[in-house]
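Novice: Here it is, the structure, as structure tokens.
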Amino acid sequence: MKFKLLLVLFLSLSTMAKGKTHLVVWTKDGGKVAYALADEPKLTFGLNYMFIDSKNVSISYRVEDMARITYETYSDDNIRNLVDDEATSFIFDGELLIFSLLRAGSIVTIYSLGGELVFSKTIQTAGEYSFPVSHLNAGIYLVTVNGITQRIMKR
């Protein structure tokens with residue numbers, strides 16, 4: 001019995017040594033997004049929402065859309081592919097929202113903190129997209145794609 005326990009412990013530790021541990025959020029529609037524990041993700045809950053704030057990102061999930069939360073070990077390459085497959089990640093360069101992959105049927109919305117819809121686009125064809133935001137005033141905005149909301153700051 002002790003041998004089996006030591007073997008399981010050894011295999012767990014050797015697996016963790018090959019990659020980095022991540023907090024993984026699974027959505028009911030099959031989505032899966034991972035956050036490196038090294039980025040210190042902090043989970044908080046509000047009315048009907050779960051919030052994740054880390055060194056690199058602030059995201060909210062509707063609780064009703066979530067399936068489960070787990071911890072998993074990934075190499076950096078796996079995380080990059082995982083995020084691309086979910087088509088929810090983007091780069092914000094201050095003037096453009098740049099998506100390397102959006103699925104057909106995805107809806108991209110931008111709201112002001114006051115709740116005003118300032119941009120909405122339904123994607124007809126899967127692919128790479130960029131949307132200018134130079135017309136927006138300086139401030140904080142909420143960008144929602146496929147049920148995942150992220151905050152951006154327009155300067």
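In the structure tokens, each chain is lettered A, B, ... as it comes, each chain's residues begin at 1, and ligands are numbered from 1 in order of appearance.
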Just want the 9 Å neighbourhood of Ile59 (chain A), counted on only C-alpha atoms, with same-chain residues fewer than 3 positions away dropped. Output as a CSV table (one decimal) with N, CA and C atoms, in the first residue's frame.

Specialist:
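Wrote selection39.csv, looks like this:
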chain,number,residue,atom,x,y,z
A,50,MET,N,-18.6,35.3,-11.5
A,50,MET,CA,-17.3,34.9,-10.9
A,50,MET,C,-16.3,35.8,-11.6
A,51,PHE,N,-15.4,36.4,-10.9
A,51,PHE,CA,-14.4,37.3,-11.4
A,51,PHE,C,-13.0,36.7,-11.2
A,52,ILE,N,-12.2,36.7,-12.2
A,52,ILE,CA,-10.8,36.3,-12.0
A,52,ILE,C,-9.9,37.5,-12.4
A,53,ASP,N,-9.1,37.9,-11.4
A,53,ASP,CA,-8.1,39.0,-11.6
A,53,ASP,C,-6.8,38.5,-11.4
A,54,SER,N,-5.9,38.7,-12.3
A,54,SER,CA,-4.5,38.3,-12.2
A,54,SER,C,-3.6,39.4,-12.6
A,148,ILE,N,-17.3,35.4,-22.4
A,148,ILE,CA,-16.2,35.8,-21.5
A,148,ILE,C,-15.9,37.3,-21.6
A,149,THR,N,-15.9,38.0,-20.5
A,149,THR,CA,-15.7,39.4,-20.4
A,149,THR,C,-14.4,39.8,-19.9
A,150,GLN,N,-13.7,40.7,-20.6
A,150,GLN,CA,-12.4,41.2,-20.2
A,150,GLN,C,-12.5,42.8,-20.1
A,151,ARG,N,-11.7,43.4,-19.2
A,151,ARG,CA,-11.6,44.8,-19.1
A,151,ARG,C,-10.5,45.3,-19.9

Novice: Tell me, in Å to one decimal, how far CA of Ala104 (chain A) is from CA of Leu136 (chain A).

Specialist: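 According to the coordinates, CA of Ala104 (chain A) and CA of Leu136 (chain A) are separated by 25.7 Å.
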
Novice: At what distance in Å, to one decimal, does CA of Val24 (chain A) lie from CA of Tyr111 (chain A)?

Specialist: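 Separation between CA of Tyr111 (chain A) and CA of Val24 (chain A): 25.9 Å.
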
Novice: Any idea what the distance is between CA of Gly139 (chain A) and CA of Val108 (chain A)?

Specialist: 18.5 Å

Novice: When you look at Pro132 (chain A) with a cut-off of 10 Å (counting only C-alpha atoms), what residues show up, excluding the ones that are within fewer than 6 positions of it in the same chain? I need them as a VMD selection string.

Specialist: chain A and resid 92 to 98

Novice: As a PyMOL selection string, list the residues of region 34-150 of chain A assigned to strand (DSSP E or B) by DSSP on the backbone atoms of this structure.

Specialist: chain A and resi 34-36+42-46+49-53+58-62+66-74+91-92+96-102+107-112+117-122+127-132+139-145+148-150

Novice: When DSSP works through the backbone of this structure, what residues of region 47-146 of chain A end up as alpha helix (DSSP H), shown as a PyMOL selection string?

Specialist: chain A and resi 76-86

Novice: Pick out the closest residue to Met66 (chain A) from this set: A:Ile140, A:Leu117, A:Leu101, A:Val33. Count only C-alpha atoms.

Specialist: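 Among the listed residues, the smallest separation from Met66 (chain A) belongs to A:Val33.
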
Novice: Env of Ile107 (chain A): 8 Å cut, atoms = only C-alpha atoms, seq-sep filter 2 positions within chain, self excluded. Answer as an MDAnalysis selection string.

Specialist: chainID A and resid 105 109 120:123 144:146
